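Structure below is run-v3.txt: compact mmCIF, C-alpha atoms.
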# COMPACT_ATOMS: atom_id res chain seq x y z
CA MET A 1178 0.00 0.00 0.00
CA LEU A 1179 1.35 3.40 -0.94
CA ALA A 1180 1.59 6.39 1.37
CA SER A 1181 -0.89 8.24 -0.85
CA ASP A 1182 -3.42 5.42 -0.36
CA LEU A 1183 -3.04 5.70 3.41
CA LEU A 1184 -3.65 9.44 3.22
CA LEU A 1185 -6.90 8.78 1.38
CA LEU A 1186 -8.02 6.28 4.03
CA ALA A 1187 -7.07 8.44 7.01
CA PRO A 1188 -10.29 10.52 7.18
CA ALA A 1189 -12.47 7.40 6.99
CA LEU A 1190 -10.45 5.66 9.69
CA ALA A 1191 -10.57 8.74 11.90
CA ALA A 1192 -14.35 8.93 11.50
CA LEU A 1193 -14.69 5.25 12.39
CA VAL A 1194 -12.58 5.67 15.53
CA ILE A 1195 -14.64 8.69 16.60
CA LEU A 1196 -17.92 6.78 16.12
CA VAL A 1197 -16.67 3.83 18.17
CA LEU A 1198 -15.49 6.11 20.98
CA LEU A 1199 -18.75 8.07 21.03
CA ARG A 1200 -20.77 4.85 21.16
CA ARG A 1201 -18.73 3.56 24.10
CA ALA A 1202 -18.99 6.89 25.95
CA ARG A 1203 -22.77 7.12 25.52
CA LYS A 1204 -24.73 6.84 28.73
CA THR A 1205 -27.85 4.72 28.93
CA THR A 1206 -31.13 6.11 27.75
CA VAL A 1207 -34.66 4.93 28.36
CA ARG A 1208 -34.53 2.97 25.10
CA ASP A 1209 -31.77 0.81 26.59
CA VAL A 1210 -34.07 -0.92 29.08
CA ASP A 1211 -34.61 -4.33 27.54
CA VAL A 1212 -38.33 -4.15 26.71
CA ALA A 1213 -38.15 -7.41 24.78
CA LYS A 1214 -37.33 -9.12 28.07
CA LEU A 1215 -39.80 -7.41 30.39
CA PRO A 1216 -40.43 -9.80 33.26
CA PRO A 1217 -43.88 -11.10 34.16
CA ASN A 1218 -45.79 -8.70 36.43
CA PRO A 1219 -43.43 -5.73 35.97
CA ILE A 1220 -43.72 -2.61 38.10
CA LEU A 1221 -41.80 0.60 37.57
CA VAL A 1222 -39.87 2.07 40.50
CA ASP A 1223 -38.75 5.70 40.68
CA GLY A 1224 -35.47 4.77 42.36
CA SER A 1225 -34.31 8.34 42.91
CA ASN A 1226 -37.55 9.06 44.75
CA VAL A 1227 -37.48 5.85 46.81
CA LEU A 1228 -33.92 6.69 47.93
CA TYR A 1229 -35.53 9.41 50.09
CA TRP A 1230 -38.32 7.36 51.70
CA GLY A 1231 -36.33 7.13 54.93
CA ASP A 1232 -34.73 9.91 56.93
CA ASP A 1233 -31.69 10.14 54.64
CA PRO A 1234 -31.07 8.89 51.08
CA SER A 1235 -30.14 5.23 51.31
CA TRP A 1236 -29.49 2.19 49.10
CA HIS A 1237 -30.78 0.11 52.01
CA VAL A 1238 -34.26 1.63 51.67
CA VAL A 1239 -34.30 1.00 47.90
CA LEU A 1240 -33.17 -2.57 48.47
CA ARG A 1241 -35.89 -3.24 51.06
CA VAL A 1242 -38.62 -1.70 48.86
CA LEU A 1243 -37.51 -3.85 45.92
CA ARG A 1244 -37.45 -7.04 48.02
CA ASN A 1245 -40.90 -6.21 49.39
CA LEU A 1246 -42.24 -5.77 45.86
CA GLU A 1247 -40.69 -9.09 44.82
CA GLN A 1248 -42.27 -10.83 47.82
CA LYS A 1249 -45.61 -9.49 46.58
CA GLY A 1250 -44.99 -11.03 43.17
CA TYR A 1251 -43.77 -7.98 41.25
CA ALA A 1252 -40.67 -7.70 39.07
CA PRO A 1253 -39.21 -4.20 39.52
CA ILE A 1254 -37.84 -2.07 36.70
CA VAL A 1255 -35.95 0.79 38.32
CA PHE A 1256 -35.21 4.26 36.93
CA PHE A 1257 -32.65 6.66 38.41
CA ASP A 1258 -31.53 10.22 37.75
CA ALA A 1259 -28.02 10.56 36.31
CA SER A 1260 -26.89 12.07 39.62
CA VAL A 1261 -27.77 9.01 41.74
CA GLY A 1262 -24.13 8.01 42.27
CA TYR A 1263 -23.27 11.50 43.47
CA VAL A 1264 -26.14 11.50 45.97
CA LEU A 1265 -24.56 8.66 47.96
CA ASP A 1266 -21.00 8.65 46.68
CA ASP A 1267 -18.64 10.86 44.73
CA HIS A 1268 -18.96 9.49 41.20
CA TYR A 1269 -21.28 8.37 38.42
CA TYR A 1270 -23.07 5.03 38.83
CA ASN A 1271 -24.12 3.08 35.76
CA GLU A 1272 -26.67 0.27 35.55
CA ALA A 1273 -24.10 -2.46 36.22
CA LYS A 1274 -22.87 -0.75 39.39
CA ILE A 1275 -26.41 -0.24 40.68
CA ALA A 1276 -27.42 -3.80 39.78
CA GLY A 1277 -24.72 -5.08 42.12
CA LEU A 1278 -26.04 -2.88 44.93
CA ILE A 1279 -29.76 -3.58 44.64
CA GLY A 1280 -29.97 -7.08 43.17
CA VAL A 1281 -31.93 -6.21 40.04
CA PRO A 1282 -30.63 -7.24 36.61
CA ALA A 1283 -28.83 -4.36 34.88
CA ARG A 1284 -31.19 -4.78 31.91
CA HIS A 1285 -34.06 -3.74 34.24
CA ILE A 1286 -32.32 -0.58 35.44
CA CYS A 1287 -32.15 2.74 33.64
CA VAL A 1288 -29.91 5.62 34.65
CA VAL A 1289 -31.12 8.49 32.48
CA ASP A 1290 -28.63 10.71 30.69
CA LYS A 1291 -27.26 13.80 32.42
CA GLY A 1292 -29.57 16.69 31.66
CA VAL A 1293 -32.54 14.40 30.97
CA VAL A 1294 -35.49 14.75 33.30
CA ALA A 1295 -36.03 11.28 34.76
CA ASP A 1296 -39.73 11.98 35.36
CA GLU A 1297 -40.35 12.20 31.63
CA GLY A 1298 -38.58 8.89 30.99
CA ILE A 1299 -40.41 7.18 33.83
CA LEU A 1300 -43.80 8.39 32.67
CA ALA A 1301 -43.15 7.61 29.00
CA PHE A 1302 -42.02 4.08 29.83
CA ALA A 1303 -44.92 3.50 32.23
CA THR A 1304 -47.40 4.83 29.68
CA ASP A 1305 -45.97 2.79 26.80
CA HIS A 1306 -46.11 -0.42 28.83
CA ARG A 1307 -49.14 0.39 31.05
CA LEU A 1308 -47.13 -0.01 34.23
CA ARG A 1309 -47.81 1.16 37.76
CA ILE A 1310 -45.16 3.40 39.35
CA VAL A 1311 -43.76 3.15 42.87
CA THR A 1312 -43.08 6.75 43.90
CA ASN A 1313 -44.21 9.53 46.20
CA ASP A 1314 -43.99 11.98 43.29
CA LYS A 1315 -47.39 13.13 42.01
CA TYR A 1316 -45.99 14.20 38.60
CA ARG A 1317 -48.43 17.13 38.51
CA ASP A 1318 -46.39 18.97 35.85
CA TRP A 1319 -46.57 15.98 33.54
CA ARG A 1320 -50.16 14.79 33.81
CA VAL A 1321 -51.44 16.61 30.73
CA ARG A 1322 -48.78 14.97 28.59
CA PHE A 1323 -48.98 11.62 30.42
CA PRO A 1324 -52.60 11.08 31.55
CA HIS A 1325 -51.68 7.51 32.49
CA ALA A 1326 -50.23 8.94 35.75
CA ASP A 1327 -53.64 10.41 36.58
CA LYS A 1328 -55.38 7.04 36.56
CA LYS A 1329 -56.41 5.62 39.91
CA GLY A 1330 -53.89 3.14 41.32
CA VAL A 1331 -51.07 3.93 38.89
CA LEU A 1332 -48.96 5.86 41.42
CA ILE A 1333 -48.10 3.83 44.51
CA GLY A 1334 -46.59 5.70 47.43
CA GLY A 1335 -44.88 4.54 50.54
CA ALA A 1336 -42.37 5.20 53.28
CA TRP A 1337 -39.62 3.53 55.28
CA ARG A 1338 -40.68 3.57 58.95
CA ASP A 1339 -39.45 1.57 61.92
CA GLY A 1340 -37.33 -0.68 59.71
CA ALA A 1341 -40.15 -1.67 57.36
CA VAL A 1342 -41.79 -0.59 54.12
CA LYS A 1343 -45.16 1.06 54.71
CA TRP A 1344 -47.34 1.28 51.59
CA ARG A 1345 -49.89 4.02 51.00
CA GLY A 1346 -52.89 2.35 49.47
CA SER A 1347 -52.79 -1.15 48.10
CA LEU A 1348 -50.42 -2.81 45.71

So, in terms of structure tokens, how does the structure I just supplied come out?
Amino acid sequence: MLASDLLLLAPALAALVILVLLRRARKTTVRDVDVAKLPPNPILVDGSNVLYWGDDPSWHVVLRVLRNLEQKGYAPIVFFDASVGYVLDDHYYNEAKIAGLIGVPARHICVVDKGVVADEGILAFATDHRLRIVTNDKYRDWRVRFPHADKKGVLIGGAWRDGAVKWRGSL
């Protein structure tokens, strides 16, 4: 191969390298939750909201809420804000890191991109798949766009009190 041939290929190779690097650097979006493998009896959990059900933000509270849901026969799909790792630690947490902490498959966890409003992703996913949402958020600013959240029984609230999950309403 001649040097002139390499010069002709250089821009194409550079573009290919840039595309590969951008793809690897991309954070997870809502589309990355594996909808083809939704478990039986799925329920959506606003993980960033549940973190605050106790006195202080805690993985322990999220873990207990998820186990309680599983004991009731639900399969949680958990959404988090991009900042979740910084709430409890000093760096970004991806789905794989969170999966190890809360015992949910990484394919059923979504950490939304930085700058993306998690509420919109949660409501879009719940609407698309007709899922109930475990959260204390009322999503008032989103109900016109996502009337699914306004349906009775879609939003399920709770709290962490005296070492146990206390549900508001029925599951």

12 Å contact set for stretch 1318-1324 of chain A, only C-alpha atoms, chain neighbours under 4 positions out, as a ChimeraX atom specification | /A:1294-1305,1307,1314,1328-1329,1331-1332

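Atom CA of A:Ile1333 sits 7.7 Å away from atom CA of A:Ser1347.
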
Which is closest to A:Ile1310 among A:Tyr1269, A:Gly1334, A:Trp1236, A:Val1289, if we use all atoms listed in the file?
-> A:Gly1334

Pick out the residues sitting within 9 Å of stretch 1250-1254 of chain A, and hand them over as a ChimeraX atom specification; count all atoms listed in the file, and ignore anything fewer than 5 positions along from it in its own chain.
-> /A:1210,1215-1223,1243,1245,1281-1282,1284-1287

Using the selection just defined, write its residues with C-alpha atoms as a tab-separated table (two decimals), keeping the file's coordinate frame.
chain	number	residue	atom	x	y	z
A	1210	VAL	CA	-34.07	-0.92	29.08
A	1215	LEU	CA	-39.80	-7.41	30.39
A	1216	PRO	CA	-40.43	-9.80	33.26
A	1217	PRO	CA	-43.88	-11.10	34.16
A	1218	ASN	CA	-45.79	-8.70	36.43
A	1219	PRO	CA	-43.43	-5.73	35.97
A	1220	ILE	CA	-43.72	-2.61	38.10
A	1221	LEU	CA	-41.80	0.60	37.57
A	1222	VAL	CA	-39.87	2.07	40.50
A	1223	ASP	CA	-38.75	5.70	40.68
A	1243	LEU	CA	-37.51	-3.85	45.92
A	1245	ASN	CA	-40.90	-6.21	49.39
A	1281	VAL	CA	-31.93	-6.21	40.04
A	1282	PRO	CA	-30.63	-7.24	36.61
A	1284	ARG	CA	-31.19	-4.78	31.91
A	1285	HIS	CA	-34.06	-3.74	34.24
A	1286	ILE	CA	-32.32	-0.58	35.44
A	1287	CYS	CA	-32.15	2.74	33.64

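Of the residues listed (A:Arg1241, A:His1325, A:Lys1249, A:Arg1317), A:Arg1241 shows the shortest atom-to-atom separation from A:Trp1337; distances use only C-alpha atoms.
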
Using all atoms listed in the file, which residue out of A:Leu1348, A:Val1311, A:Val1288, A:Val1342 lies closest to A:Phe1256?
-> A:Val1288

For atom CA of A:Ala1283 and atom CA of A:Gly1224, quote the distance in Å rounded to one decimal.
-> 13.5 Å
